[in-house]
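Chemist: Handing you a structure now.
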Amino acid sequence: ITKGQQVAWMKADGTVALIRSSWAVVAPRADEVARHFYATLFGLAPETRELFPVNMEVQRSRLLRALVHVVQMVDRPDEVVPFLEQLGRDHRKFGVGPEHYDAVGVALLSAVAEFAGPAWTPEVEKAWTSAYATVSGAMRTAARAERGPATWLGRVAGHRRIGWDLAIVEVAVSEPIPYRAGQYVSVETPQRPRLWRYLS
């Protein structure tokens, strides 16, 4: 199915409208949705807990931002598909494998269903199931196609503070990173394991 065909199909059967209307019901309790999602995920796949930082506050916020973005762009494949593909490539560094996507889907549907209440109809469940299949398919395909390493090991070679909130950090890595000035790089340190900071 091409991107255009997929969007036409989603519009034809009302998938986009169902996803957006049901998300509008749960959005006021988004933080609880995120907590329920991770509790369900860790119950279904306990090994995934070690992929996340001890403090989950930042992670829950990132999950919600990604969800909102996908819900807003679900009928705009030219914008949402590249986002999902990058998300799939990025998740390799967390240790996410193909085997984790099914548990994530179950946890996501469980969380939305829990807080949607009566708005969670069989039609809404079908819409979310179809949408998640598209989302996870794009992420898995991009992750599988990526040929470079998931992470690079490096050491801090220099640090120079140039303002109270700005510093230049030089990092020596074992092999070149495909990076251009202005892009960001996600960085994890031994002092704060599994907590990735995005630096540019």
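Identifiers in the structure tokens: chain A, B, ... in order shown; residue index from 1 per chain; ligand index from 1 in order shown.
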Mind checking which residues fall within 12 Å of range 156-173 of chain A, counting only C-alpha atoms, ignoring those fewer than 3 positions away in the same chain, and posting them as a count of residues only?
Modeler: 13
Chemist: Pick out the residues sitting within 12 Å of Asp102 in chain A, and hand them over as JSON, numbers by chain; count only C-alpha atoms, and ignore anything fewer than 5 positions along from it in its own chain.
Modeler: {"A": [41, 44, 45, 96, 97, 107, 108, 109, 129, 132, 133, 135, 136, 137, 140]}
Chemist: Would you write out those residues with C-alpha atoms, as a tab-separated table (two decimals), in the first residue's frame?
Modeler:
chain	number	residue	atom	x	y	z
A	41	LEU	CA	4.32	-2.66	29.15
A	44	LEU	CA	3.82	-7.76	29.73
A	45	ALA	CA	7.54	-7.57	28.96
A	96	VAL	CA	14.42	-1.83	21.29
A	97	GLY	CA	14.10	-4.92	19.11
A	107	ALA	CA	0.08	-1.56	26.22
A	108	LEU	CA	-0.90	1.43	24.09
A	109	LEU	CA	-4.36	0.11	23.24
A	129	THR	CA	-5.15	-1.27	15.95
A	132	TYR	CA	-0.56	1.19	15.37
A	133	ALA	CA	0.16	-1.46	12.73
A	135	VAL	CA	3.19	3.18	12.96
A	136	SER	CA	5.09	0.09	14.12
A	137	GLY	CA	5.52	-1.10	10.53
A	140	ARG	CA	10.43	-1.56	12.25
Chemist: Using only C-alpha atoms, determine which residues lie at most 12 Å from range 46-50 of chain A, disregarding the query and same-chain residues fewer than 2 positions distant; provide the list as a list in words.
Modeler: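 Contacts, in chain order: Tyr38, Ala39, Thr40, Leu41, Phe42, Gly43, Leu44, Phe52, Pro53, Val54, Asn55, Met56, Gln59, Phe94, Gly95, Val96, Gly97, Glu99, His100, Tyr101, Ala103, Val104, Pro193, Arg194 and Leu195 of chain A.
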Chemist: Can you tell me, as a VMD selection string, what residues are no more than 7 Å from range 75-88 of chain A when counting only C-alpha atoms, ignoring any on the same chain fewer than 5 positions away?
Modeler: chain A and resid 3 7 16 70 135 138 to 140 142 to 143
Chemist: Just asking: which residues within range 43-87 of chain A are alpha helix (DSSP H) according to DSSP, as a VMD selection string?
Modeler: chain A and resid 43 to 44 57 to 73 77 to 87
Chemist: Just to be explicit: take each residue in the selection above, keep N, CA, C and O atoms, and write the result as a short mmCIF file (atom, residue, chain, number, x, y, z; two decimals), in the first residue's frame.
Modeler:
data_model
loop_
_atom_site.label_atom_id
_atom_site.label_comp_id
_atom_site.auth_asym_id
_atom_site.auth_seq_id
_atom_site.Cartn_x
_atom_site.Cartn_y
_atom_site.Cartn_z
N GLY A 43 4.66 -4.96 32.77
CA GLY A 43 4.03 -6.20 33.20
C GLY A 43 4.06 -7.26 32.12
O GLY A 43 4.29 -8.44 32.38
N LEU A 44 3.83 -6.83 30.86
CA LEU A 44 3.82 -7.76 29.73
C LEU A 44 5.22 -8.22 29.35
O LEU A 44 5.44 -9.38 29.00
N GLU A 57 9.80 10.29 34.46
CA GLU A 57 9.05 11.52 34.18
C GLU A 57 9.34 12.05 32.78
O GLU A 57 8.43 12.38 32.01
N VAL A 58 10.62 12.16 32.42
CA VAL A 58 11.00 12.68 31.10
C VAL A 58 10.52 11.74 30.01
O VAL A 58 10.01 12.17 28.98
N GLN A 59 10.66 10.45 30.25
CA GLN A 59 10.25 9.46 29.26
C GLN A 59 8.75 9.52 28.99
O GLN A 59 8.31 9.42 27.85
N ARG A 60 7.96 9.67 30.04
CA ARG A 60 6.50 9.78 29.86
C ARG A 60 6.16 11.01 29.03
O ARG A 60 5.29 10.98 28.16
N SER A 61 6.86 12.10 29.29
CA SER A 61 6.63 13.34 28.53
C SER A 61 6.96 13.14 27.05
O SER A 61 6.23 13.59 26.17
N ARG A 62 8.05 12.43 26.77
CA ARG A 62 8.43 12.17 25.37
C ARG A 62 7.42 11.27 24.68
O ARG A 62 7.10 11.48 23.50
N LEU A 63 6.93 10.28 25.38
CA LEU A 63 5.91 9.39 24.81
C LEU A 63 4.68 10.21 24.41
O LEU A 63 4.16 10.06 23.30
N LEU A 64 4.23 11.08 25.31
CA LEU A 64 3.03 11.86 25.04
C LEU A 64 3.23 12.82 23.88
O LEU A 64 2.35 12.98 23.03
N ARG A 65 4.42 13.45 23.80
CA ARG A 65 4.70 14.35 22.67
C ARG A 65 4.65 13.59 21.36
O ARG A 65 4.10 14.07 20.37
N ALA A 66 5.24 12.39 21.33
CA ALA A 66 5.23 11.59 20.11
C ALA A 66 3.82 11.16 19.74
O ALA A 66 3.43 11.21 18.56
N LEU A 67 3.03 10.77 20.73
CA LEU A 67 1.65 10.36 20.47
C LEU A 67 0.82 11.50 19.89
O LEU A 67 0.10 11.33 18.91
N VAL A 68 0.95 12.67 20.51
CA VAL A 68 0.20 13.84 20.03
C VAL A 68 0.60 14.17 18.60
O VAL A 68 -0.24 14.45 17.75
N HIS A 69 1.90 14.11 18.32
CA HIS A 69 2.39 14.41 16.97
C HIS A 69 1.79 13.45 15.95
O HIS A 69 1.33 13.86 14.89
N VAL A 70 1.80 12.16 16.27
CA VAL A 70 1.27 11.16 15.34
C VAL A 70 -0.23 11.35 15.15
O VAL A 70 -0.73 11.29 14.03
N VAL A 71 -0.96 11.61 16.23
CA VAL A 71 -2.41 11.82 16.11
C VAL A 71 -2.70 13.04 15.24
O VAL A 71 -3.60 13.01 14.40
N GLN A 72 -1.93 14.10 15.40
CA GLN A 72 -2.14 15.31 14.61
C GLN A 72 -1.81 15.11 13.13
O GLN A 72 -2.43 15.70 12.26
N MET A 73 -0.80 14.25 12.87
CA MET A 73 -0.31 14.09 11.49
C MET A 73 -0.76 12.79 10.82
O MET A 73 -0.27 12.46 9.75
N PRO A 77 0.84 11.63 5.50
CA PRO A 77 1.94 10.66 5.45
C PRO A 77 3.29 11.26 5.08
O PRO A 77 4.32 10.80 5.55
N ASP A 78 3.30 12.30 4.25
CA ASP A 78 4.58 12.89 3.85
C ASP A 78 5.31 13.52 5.04
O ASP A 78 6.52 13.70 5.01
N GLU A 79 4.56 13.86 6.08
CA GLU A 79 5.16 14.43 7.28
C GLU A 79 5.37 13.39 8.37
O GLU A 79 6.40 13.37 9.03
N VAL A 80 4.37 12.52 8.56
CA VAL A 80 4.44 11.59 9.69
C VAL A 80 5.34 10.39 9.41
O VAL A 80 6.01 9.89 10.32
N VAL A 81 5.40 9.92 8.17
CA VAL A 81 6.21 8.72 7.89
C VAL A 81 7.70 8.98 8.13
O VAL A 81 8.36 8.17 8.81
N PRO A 82 8.29 10.08 7.64
CA PRO A 82 9.71 10.33 7.97
C PRO A 82 9.95 10.44 9.48
O PRO A 82 10.99 10.00 9.99
N PHE A 83 9.00 11.04 10.20
CA PHE A 83 9.11 11.13 11.66
C PHE A 83 9.16 9.74 12.28
O PHE A 83 9.99 9.45 13.15
N LEU A 84 8.26 8.85 11.84
CA LEU A 84 8.20 7.48 12.37
C LEU A 84 9.46 6.70 12.01
O LEU A 84 9.97 5.93 12.82
N GLU A 85 9.95 6.91 10.80
CA GLU A 85 11.16 6.20 10.38
C GLU A 85 12.36 6.61 11.23
O GLU A 85 13.15 5.76 11.65
N GLN A 86 12.46 7.91 11.51
CA GLN A 86 13.55 8.38 12.37
C GLN A 86 13.38 7.85 13.79
O GLN A 86 14.36 7.47 14.44
N LEU A 87 12.14 7.80 14.25
CA LEU A 87 11.85 7.25 15.57
C LEU A 87 12.31 5.79 15.65
O LEU A 87 12.90 5.36 16.66
#
Chemist: Could you tell me how far CA of Tyr184 in chain A lies from CA of Ala150 in chain A, in Å and to one decimal?
Modeler: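 Interatomic distance here is 15.4 Å.
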Chemist: From the set A:Glu146, A:Asp90, A:Glu123, A:Glu32, which residue has the shortest atom-to-atom contact distance to Ala17 in chain A, counting only C-alpha atoms?
Modeler: A:Glu123
Chemist: List as CSV every residue of range 6-80 of chain A that is in contact with range 116-120 of chain A, defined as an atom at most 12 Å from one of its atoms (using only C-alpha atoms), together with the nearest atom pair and the distance in Å rounded to one decimal, sorted by chain and then rising number.
Modeler:
residue,atom,partner,partner_atom,distance
A:Leu18,CA,A:Ala119,CA,9.6
A:Ile19,CA,A:Trp120,CA,10.2
A:Arg20,CA,A:Ala119,CA,11.6
A:Ser21,CA,A:Ala119,CA,8.7
A:Ser22,CA,A:Ala119,CA,6.4
A:Trp23,CA,A:Ala116,CA,7.8
A:Ala24,CA,A:Ala116,CA,9.0
A:Val25,CA,A:Ala116,CA,5.9
A:Val26,CA,A:Ala116,CA,5.5
A:Ala27,CA,A:Ala116,CA,9.3
A:Pro28,CA,A:Ala116,CA,10.6
A:Arg29,CA,A:Ala116,CA,9.8
A:Ala30,CA,A:Ala116,CA,10.9
A:Glu32,CA,A:Ala116,CA,11.8
A:Val33,CA,A:Ala116,CA,9.8
Chemist: I need the residues of range 3-178 of chain A that end up classed as strand (DSSP E or B) by DSSP on the backbone, written out as a list in words.
Modeler: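 Checking each residue of range 3-178 of chain A, the strand (DSSP E or B) ones are Gly154, Arg155, Val156, Ala157, Gly158, His159, Arg160, Arg161, Ile162, Gly163, Leu166, Ala167, Ile168, Val169, Glu170, Val171, Ala172 and Val173 of chain A.
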Chemist: For those residues, write C-alpha atoms to a file as a compact mmCIF listing (two decimals), in the first residue's frame.
Modeler:
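Listed below is the output, result23.txt:
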# COMPACT_ATOMS: atom_id res chain seq x y z
CA GLY A 154 33.24 7.96 22.86
CA ARG A 155 35.15 9.83 25.53
CA VAL A 156 35.13 13.49 26.46
CA ALA A 157 38.29 15.03 25.03
CA GLY A 158 37.56 18.63 25.96
CA HIS A 159 35.07 20.89 27.70
CA ARG A 160 34.95 24.67 27.45
CA ARG A 161 32.23 26.80 29.06
CA ILE A 162 31.35 29.86 26.95
CA GLY A 163 28.30 31.02 28.90
CA LEU A 166 26.32 26.98 27.06
CA ALA A 167 29.44 24.86 26.68
CA ILE A 168 31.45 23.26 23.92
CA VAL A 169 32.13 19.59 24.54
CA GLU A 170 34.60 17.72 22.34
CA VAL A 171 34.03 13.98 22.11
CA ALA A 172 36.46 11.53 20.55
CA VAL A 173 34.72 8.51 19.02
